[in-house]
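Okay, model04.txt now, which holds compact mmCIF, C-alpha atoms and all ligand atoms:
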```
# COMPACT_ATOMS: atom_id res chain seq x y z
CA MET A 1479 9.71 -11.28 -10.76
CA GLU A 1480 7.50 -8.28 -10.12
CA ARG A 1481 7.56 -5.67 -7.37
CA SER A 1482 4.80 -3.53 -5.87
CA LEU A 1483 4.66 -0.72 -3.34
CA VAL A 1484 2.37 -1.41 -0.41
CA PHE A 1485 1.68 0.68 2.65
CA ILE A 1486 -0.37 0.04 5.72
CA LYS A 1487 -2.44 3.20 6.17
CA PRO A 1488 -2.83 5.15 9.44
CA ASP A 1489 -6.27 3.62 10.17
CA ALA A 1490 -4.83 0.10 10.12
CA MET A 1491 -1.87 1.20 12.22
CA GLN A 1492 -4.19 2.76 14.78
CA ARG A 1493 -6.41 -0.34 14.87
CA GLY A 1494 -3.46 -2.67 15.40
CA LEU A 1495 -3.93 -4.48 12.09
CA ALA A 1496 -0.38 -4.15 10.74
CA GLY A 1497 0.69 -7.66 11.73
CA GLU A 1498 -2.48 -9.26 10.35
CA ILE A 1499 -2.12 -7.44 7.03
CA ILE A 1500 1.57 -8.30 6.64
CA SER A 1501 0.79 -11.90 7.58
CA ARG A 1502 -1.86 -12.19 4.88
CA LEU A 1503 0.51 -10.85 2.24
CA GLU A 1504 3.36 -13.16 3.32
CA SER A 1505 0.95 -16.10 3.40
CA LYS A 1506 0.17 -15.45 -0.27
CA GLY A 1507 3.86 -15.94 -0.99
CA LEU A 1508 4.88 -12.29 -1.37
CA LYS A 1509 8.41 -11.58 -0.18
CA ILE A 1510 9.28 -8.42 1.72
CA VAL A 1511 12.32 -6.88 0.00
CA ALA A 1512 12.10 -3.45 1.72
CA MET A 1513 10.21 -2.08 4.72
CA LYS A 1514 10.11 1.00 6.97
CA MET A 1515 7.76 3.01 9.15
CA LEU A 1516 7.37 6.72 8.57
CA ARG A 1517 4.90 9.53 8.70
CA MET A 1518 4.42 11.00 5.24
CA ASP A 1519 4.61 14.75 4.86
CA LYS A 1520 2.09 16.49 2.62
CA ALA A 1521 4.54 16.86 -0.27
CA LEU A 1522 5.24 13.12 -0.37
CA ALA A 1523 1.54 12.24 -0.09
CA GLN A 1524 0.65 14.69 -2.86
CA ARG A 1525 3.30 13.21 -5.14
CA HIS A 1526 2.27 9.64 -4.38
CA TYR A 1527 -1.40 10.41 -5.10
CA ALA A 1528 -0.73 12.93 -7.91
CA VAL A 1529 -2.96 10.96 -10.30
CA HIS A 1530 -5.92 11.88 -8.05
CA LYS A 1531 -5.08 15.59 -7.72
CA ASP A 1532 -8.25 16.75 -9.47
CA LYS A 1533 -10.59 14.41 -7.58
CA PRO A 1534 -12.95 15.87 -4.99
CA PHE A 1535 -11.48 13.62 -2.29
CA PHE A 1536 -7.83 14.60 -2.90
CA ASN A 1537 -7.35 16.93 0.07
CA GLU A 1538 -9.15 14.56 2.42
CA LEU A 1539 -6.98 11.71 1.15
CA VAL A 1540 -3.74 13.64 1.71
CA ASP A 1541 -4.88 14.73 5.19
CA PHE A 1542 -5.77 11.17 6.12
CA VAL A 1543 -2.63 9.50 4.86
CA THR A 1544 -0.46 12.08 6.67
CA SER A 1545 -2.46 11.81 9.90
CA GLY A 1546 -0.28 9.09 11.42
CA PRO A 1547 2.44 6.56 10.70
CA VAL A 1548 2.44 4.11 7.82
CA ILE A 1549 4.47 0.96 7.28
CA VAL A 1550 5.66 1.04 3.69
CA MET A 1551 7.01 -2.04 1.93
CA VAL A 1552 8.23 -3.31 -1.37
CA LEU A 1553 6.83 -6.80 -1.99
CA GLN A 1554 8.09 -9.14 -4.67
CA ASP A 1555 6.67 -12.19 -6.39
CA ASP A 1556 5.55 -13.38 -9.80
CA ASP A 1557 2.47 -11.28 -10.54
CA ALA A 1558 2.92 -9.27 -7.32
CA VAL A 1559 0.75 -6.34 -8.43
CA LYS A 1560 -2.28 -8.47 -9.25
CA VAL A 1561 -1.90 -10.81 -6.28
CA ILE A 1562 -1.70 -7.86 -3.86
CA ARG A 1563 -4.72 -6.11 -5.42
CA GLN A 1564 -6.72 -9.34 -5.05
CA THR A 1565 -5.60 -9.75 -1.43
CA MET A 1566 -6.54 -6.12 -0.67
CA GLY A 1567 -10.03 -6.25 -2.20
CA GLU A 1568 -11.94 -3.41 -3.83
CA THR A 1569 -11.29 0.22 -2.93
CA ASP A 1570 -14.64 0.55 -1.12
CA PRO A 1571 -14.64 -1.91 1.81
CA ALA A 1572 -18.45 -2.15 1.52
CA LYS A 1573 -17.96 -3.73 -1.93
CA ALA A 1574 -14.84 -5.76 -1.11
CA LEU A 1575 -15.41 -9.51 -0.91
CA PRO A 1576 -15.10 -11.44 2.35
CA GLY A 1577 -11.65 -12.99 2.54
CA THR A 1578 -9.98 -9.81 1.35
CA ILE A 1579 -8.25 -7.39 3.73
CA ARG A 1580 -10.70 -4.58 2.99
CA GLY A 1581 -13.66 -6.97 2.95
CA ASP A 1582 -12.82 -8.50 6.32
CA PHE A 1583 -11.72 -5.44 8.29
CA GLY A 1584 -14.07 -2.88 6.82
CA GLY A 1585 -13.75 0.83 7.29
CA ASP A 1586 -15.02 3.04 4.47
CA VAL A 1587 -13.75 4.28 1.13
CA SER A 1588 -11.69 6.99 2.82
CA HIS A 1589 -10.28 4.63 5.46
CA ASN A 1590 -9.52 1.41 3.66
CA LEU A 1591 -6.42 0.17 5.47
CA ILE A 1592 -3.93 -0.50 2.69
CA HIS A 1593 -2.37 0.85 -0.48
CA GLY A 1594 -1.06 -1.35 -3.26
CA SER A 1595 0.23 -0.24 -6.66
CA ASP A 1596 -2.29 -0.70 -9.49
CA SER A 1597 0.19 -1.46 -12.29
CA VAL A 1598 3.80 -2.51 -12.75
CA GLU A 1599 4.57 0.89 -14.26
CA ASN A 1600 3.11 2.81 -11.31
CA ALA A 1601 4.80 0.41 -8.90
CA GLY A 1602 8.18 1.47 -10.28
CA SER A 1603 7.58 5.17 -9.75
CA GLU A 1604 5.92 4.66 -6.34
CA ILE A 1605 8.84 2.53 -5.11
CA ALA A 1606 11.29 5.23 -6.21
CA LEU A 1607 9.36 7.82 -4.16
CA PHE A 1608 9.83 5.87 -0.92
CA PHE A 1609 13.02 3.83 -1.29
CA SER A 1610 16.53 4.22 -2.63
CA ALA A 1611 17.98 1.26 -4.55
CA LYS A 1612 20.24 0.30 -1.65
CA GLU A 1613 17.25 0.00 0.73
CA ILE A 1614 15.85 -2.85 -1.38
CA VAL A 1615 17.36 -6.17 -0.33
CA ASP A 1616 17.50 -8.50 -3.27
CA PRO A 1617 18.10 -11.21 -4.26
CA PHE A 1618 16.89 -13.42 -1.42
CA ILE A 1619 19.78 -15.51 -0.23
CA GLU A 1620 19.11 -19.23 -0.30
CA PHE A 1621 19.85 -20.86 3.05
P1 LIG B 1 -7.04 2.07 -4.54
O1 LIG B 1 -6.43 2.47 -3.21
O2 LIG B 1 -7.92 0.86 -4.40
O3 LIG B 1 -6.02 1.94 -5.63
P2 LIG B 1 -7.82 4.57 -5.84
O4 LIG B 1 -8.99 4.72 -6.75
O5 LIG B 1 -6.46 4.61 -6.45
O6 LIG B 1 -8.04 3.25 -4.97
O7 LIG B 1 -7.93 5.73 -4.75
C1 LIG B 1 -6.85 5.99 -3.90
C2 LIG B 1 -7.37 6.18 -2.51
O8 LIG B 1 -8.18 7.34 -2.48
C3 LIG B 1 -8.27 5.07 -1.99
O9 LIG B 1 -7.57 3.98 -1.47
C4 LIG B 1 -9.06 5.78 -0.95
O10 LIG B 1 -8.30 5.91 0.26
C5 LIG B 1 -9.23 7.16 -1.56
N1 LIG B 1 -10.51 7.27 -2.26
C6 LIG B 1 -10.83 6.74 -3.46
N2 LIG B 1 -12.09 7.05 -3.81
C7 LIG B 1 -12.57 7.81 -2.81
C8 LIG B 1 -13.83 8.46 -2.60
O11 LIG B 1 -14.77 8.38 -3.40
N3 LIG B 1 -13.94 9.17 -1.43
C9 LIG B 1 -12.92 9.27 -0.52
N4 LIG B 1 -11.74 8.68 -0.69
C10 LIG B 1 -11.55 7.95 -1.82
MG MG B 2 -4.84 3.32 -6.59
```
Would you mind giving the structure from this file in structure tokens?
Ligand code: IDP
Ligand code: MG
Amino acid sequence: MERSLVFIKPDAMQRGLAGEIISRLESKGLKIVAMKMLRMDKALAQRHYAVHKDKPFFNELVDFVTSGPVIVMVLQDDDAVKVIRQTMGETDPAKALPGTIRGDFGGDVSHNLIHGSDSVENAGSEIALFFSAKEIVDPFIEF
């Protein structure tokens, strides 16, 4: 079982796409094991995107992701990281295939609707930034 950190970015929240995005992820079989809405402060956004701190778009990225609320989730499934990345589509919505979230709902490279961890290792540290262990509800109870 693998876990990934996903958040619905402020552009998707503003466009009313949260339900559609969550629905697509659930339809792929991913289980929500943690979820909350929050507005990131700059410190949290800078830590989350620390790997990009020397990129020319870093400040714009931090400003954007702190510009409004996000819904942040931990999703779980076999191969969750890869399945989520495939469901999201490529970083640049112009290059993302139809059928993917970014390919179908567009935007641009700075406003691309969704974050998903890019590796199991990064997923672990990203999850720890947003959630305490007791906020993650696992295992799923059979009923
Ligand atoms: P990812 O979200 O598909 O993993 P990353 O390369 O990790 O893409 O970049 C993180 C985020 O930074 C992207 O989702 C996007 O919001 C933003 N970003 C990436 N490249 C650019 C760029 O060239 N210009 C502006 N923003 C960018
Ligand atoms: Mg990334």
- [ ] Using only C-alpha atoms and all ligand atoms, find each residue with an atom at most 12 Å away from ligand MG 2 (chain B) and format the answer as a ChimeraX atom specification.
- [x] /A:1482-1485,1526-1530,1539,1559,1562-1563,1566-1570,1587,1590,1592-1597,1600-1601,1604
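Shortest separation to ligand LIG 1 (chain B) among A:Ala1572, A:Ala1521, A:Val1540, A:Met1515 occurs at residue A:Val1540, atoms counted being only C-alpha atoms and all ligand atoms.
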Task: Nearest to ligand LIG 1 (chain B) by atom-to-atom distance, counting all atoms listed in the file, from A:Val1561, A:Ala1490, A:Val1548, A:Leu1591 - done: A:Leu1591
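Using all atoms listed in the file, the shortest contact distance between Leu1607 in chain A and any of A:Lys1573, A:Arg1525, A:Arg1580, A:Lys1509 is found at A:Arg1525.
We find atom C8 of ligand LIG 1 (chain B) and CA of Ile1605 in chain A to be spaced 23.6 Å apart.
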Open item on the list: What does the structure give for the distance between CA of Pro1534 in chain A and CA of Gly1585 in chain A, in Å to one decimal?
Closed with: 19.4 Å
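Among the candidates A:Asn1537, A:Gln1492, A:Ser1610, A:Ser1505, the one nearest to ligand LIG 1 (chain B) when counting only C-alpha atoms and all ligand atoms is A:Asn1537.
Nearest residue to ligand LIG 1 (chain B), choosing from A:Val1550, A:Ala1574, A:Met1518, A:Ile1500 and counting all atoms listed in the file: A:Ala1574.
Closest to ligand LIG 1 (chain B) among A:Ala1496, A:Ile1579, A:Val1615, A:Leu1516 is A:Ile1579, based on only C-alpha atoms and all ligand atoms.
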Can you rebuild range 1517-1528 of chain A with all heavy atoms and give it as a PDB file, keeping the file's coordinate frame?
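So the final result, stored in part.pdb, reads:
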```pdb
ATOM      1  N   ARG A1517       6.099   8.718   8.866  1.00  0.00           N
ATOM      2  CA  ARG A1517       4.900   9.530   8.700  1.00  0.00           C
ATOM      3  C   ARG A1517       5.117  10.403   7.472  1.00  0.00           C
ATOM      4  O   ARG A1517       6.059  11.191   7.438  1.00  0.00           O
ATOM      5  CB  ARG A1517       4.662  10.384   9.955  1.00  0.00           C
ATOM      6  CG  ARG A1517       3.362  11.159   9.855  1.00  0.00           C
ATOM      7  CD  ARG A1517       2.967  11.717  11.211  1.00  0.00           C
ATOM      8  NE  ARG A1517       1.799  12.566  11.080  1.00  0.00           N
ATOM      9  CZ  ARG A1517       1.155  13.114  12.102  1.00  0.00           C
ATOM     10  NH1 ARG A1517       1.591  12.890  13.336  1.00  0.00           N
ATOM     11  NH2 ARG A1517       0.102  13.878  11.895  1.00  0.00           N
ATOM     12  N   MET A1518       4.278  10.227   6.482  1.00  0.00           N
ATOM     13  CA  MET A1518       4.420  11.000   5.240  1.00  0.00           C
ATOM     14  C   MET A1518       4.191  12.478   5.515  1.00  0.00           C
ATOM     15  O   MET A1518       3.291  12.820   6.291  1.00  0.00           O
ATOM     16  CB  MET A1518       3.364  10.565   4.227  1.00  0.00           C
ATOM     17  CG  MET A1518       3.698   9.325   3.471  1.00  0.00           C
ATOM     18  SD  MET A1518       2.442   9.079   2.188  1.00  0.00           S
ATOM     19  CE  MET A1518       1.985   7.421   2.589  1.00  0.00           C
ATOM     20  N   ASP A1519       4.974  13.328   4.840  1.00  0.00           N
ATOM     21  CA  ASP A1519       4.610  14.750   4.860  1.00  0.00           C
ATOM     22  C   ASP A1519       3.683  15.009   3.663  1.00  0.00           C
ATOM     23  O   ASP A1519       3.479  14.146   2.815  1.00  0.00           O
ATOM     24  CB  ASP A1519       5.847  15.647   4.874  1.00  0.00           C
ATOM     25  CG  ASP A1519       6.739  15.472   3.663  1.00  0.00           C
ATOM     26  OD1 ASP A1519       6.249  14.992   2.608  1.00  0.00           O
ATOM     27  OD2 ASP A1519       7.927  15.807   3.757  1.00  0.00           O
ATOM     28  N   LYS A1520       3.097  16.198   3.662  1.00  0.00           N
ATOM     29  CA  LYS A1520       2.090  16.490   2.620  1.00  0.00           C
ATOM     30  C   LYS A1520       2.683  16.399   1.221  1.00  0.00           C
ATOM     31  O   LYS A1520       2.035  15.908   0.296  1.00  0.00           O
ATOM     32  CB  LYS A1520       1.485  17.876   2.854  1.00  0.00           C
ATOM     33  CG  LYS A1520       0.428  17.857   3.948  1.00  0.00           C
ATOM     34  CD  LYS A1520      -0.534  19.030   3.810  1.00  0.00           C
ATOM     35  CE  LYS A1520      -1.405  19.173   5.060  1.00  0.00           C
ATOM     36  NZ  LYS A1520      -2.295  18.025   5.271  1.00  0.00           N
ATOM     37  N   ALA A1521       3.928  16.868   1.068  1.00  0.00           N
ATOM     38  CA  ALA A1521       4.540  16.860  -0.270  1.00  0.00           C
ATOM     39  C   ALA A1521       4.671  15.428  -0.801  1.00  0.00           C
ATOM     40  O   ALA A1521       4.370  15.170  -1.976  1.00  0.00           O
ATOM     41  CB  ALA A1521       5.908  17.539  -0.211  1.00  0.00           C
ATOM     42  N   LEU A1522       5.095  14.520   0.053  1.00  0.00           N
ATOM     43  CA  LEU A1522       5.240  13.120  -0.370  1.00  0.00           C
ATOM     44  C   LEU A1522       3.869  12.515  -0.704  1.00  0.00           C
ATOM     45  O   LEU A1522       3.698  11.841  -1.726  1.00  0.00           O
ATOM     46  CB  LEU A1522       5.947  12.308   0.724  1.00  0.00           C
ATOM     47  CG  LEU A1522       6.129  10.812   0.462  1.00  0.00           C
ATOM     48  CD1 LEU A1522       6.904  10.544  -0.816  1.00  0.00           C
ATOM     49  CD2 LEU A1522       6.825  10.145   1.652  1.00  0.00           C
ATOM     50  N   ALA A1523       2.880  12.766   0.156  1.00  0.00           N
ATOM     51  CA  ALA A1523       1.540  12.240  -0.090  1.00  0.00           C
ATOM     52  C   ALA A1523       0.946  12.798  -1.390  1.00  0.00           C
ATOM     53  O   ALA A1523       0.326  12.070  -2.171  1.00  0.00           O
ATOM     54  CB  ALA A1523       0.634  12.570   1.100  1.00  0.00           C
ATOM     55  N   GLN A1524       1.171  14.070  -1.629  1.00  0.00           N
ATOM     56  CA  GLN A1524       0.650  14.690  -2.860  1.00  0.00           C
ATOM     57  C   GLN A1524       1.328  14.114  -4.092  1.00  0.00           C
ATOM     58  O   GLN A1524       0.682  13.911  -5.120  1.00  0.00           O
ATOM     59  CB  GLN A1524       0.851  16.211  -2.805  1.00  0.00           C
ATOM     60  CG  GLN A1524      -0.144  16.883  -1.866  1.00  0.00           C
ATOM     61  CD  GLN A1524       0.235  18.325  -1.526  1.00  0.00           C
ATOM     62  OE1 GLN A1524       1.359  18.775  -1.785  1.00  0.00           O
ATOM     63  NE2 GLN A1524      -0.710  19.038  -0.939  1.00  0.00           N
ATOM     64  N   ARG A1525       2.607  13.822  -3.993  1.00  0.00           N
ATOM     65  CA  ARG A1525       3.300  13.210  -5.140  1.00  0.00           C
ATOM     66  C   ARG A1525       2.824  11.777  -5.347  1.00  0.00           C
ATOM     67  O   ARG A1525       2.575  11.352  -6.474  1.00  0.00           O
ATOM     68  CB  ARG A1525       4.818  13.212  -4.919  1.00  0.00           C
ATOM     69  CG  ARG A1525       5.435  14.584  -5.132  1.00  0.00           C
ATOM     70  CD  ARG A1525       6.935  14.553  -4.929  1.00  0.00           C
ATOM     71  NE  ARG A1525       7.636  13.884  -6.021  1.00  0.00           N
ATOM     72  CZ  ARG A1525       8.920  13.553  -5.984  1.00  0.00           C
ATOM     73  NH1 ARG A1525       9.645  13.788  -4.890  1.00  0.00           N
ATOM     74  NH2 ARG A1525       9.490  12.971  -7.017  1.00  0.00           N
ATOM     75  N   HIS A1526       2.706  11.037  -4.249  1.00  0.00           N
ATOM     76  CA  HIS A1526       2.270   9.640  -4.380  1.00  0.00           C
ATOM     77  C   HIS A1526       0.881   9.556  -5.008  1.00  0.00           C
ATOM     78  O   HIS A1526       0.620   8.673  -5.831  1.00  0.00           O
ATOM     79  CB  HIS A1526       2.274   8.955  -3.005  1.00  0.00           C
ATOM     80  CG  HIS A1526       1.654   7.601  -3.050  1.00  0.00           C
ATOM     81  ND1 HIS A1526       2.310   6.500  -3.589  1.00  0.00           N
ATOM     82  CD2 HIS A1526       0.429   7.171  -2.696  1.00  0.00           C
ATOM     83  CE1 HIS A1526       1.502   5.459  -3.542  1.00  0.00           C
ATOM     84  NE2 HIS A1526       0.356   5.834  -3.004  1.00  0.00           N
ATOM     85  N   TYR A1527      -0.017  10.448  -4.602  1.00  0.00           N
ATOM     86  CA  TYR A1527      -1.400  10.410  -5.100  1.00  0.00           C
ATOM     87  C   TYR A1527      -1.657  11.441  -6.199  1.00  0.00           C
ATOM     88  O   TYR A1527      -2.807  11.830  -6.423  1.00  0.00           O
ATOM     89  CB  TYR A1527      -2.375  10.617  -3.930  1.00  0.00           C
ATOM     90  CG  TYR A1527      -2.569   9.377  -3.074  1.00  0.00           C
ATOM     91  CD1 TYR A1527      -2.289   9.379  -1.716  1.00  0.00           C
ATOM     92  CD2 TYR A1527      -3.078   8.187  -3.623  1.00  0.00           C
ATOM     93  CE1 TYR A1527      -2.483   8.244  -0.926  1.00  0.00           C
ATOM     94  CE2 TYR A1527      -3.280   7.055  -2.856  1.00  0.00           C
ATOM     95  CZ  TYR A1527      -2.985   7.087  -1.500  1.00  0.00           C
ATOM     96  OH  TYR A1527      -3.189   5.967  -0.730  1.00  0.00           O
ATOM     97  N   ALA A1528      -0.600  11.874  -6.898  1.00  0.00           N
ATOM     98  CA  ALA A1528      -0.730  12.930  -7.910  1.00  0.00           C
ATOM     99  C   ALA A1528      -1.804  12.620  -8.964  1.00  0.00           C
ATOM    100  O   ALA A1528      -2.492  13.530  -9.436  1.00  0.00           O
ATOM    101  CB  ALA A1528       0.610  13.181  -8.585  1.00  0.00           C
TER     102      ALA A1528
END
```
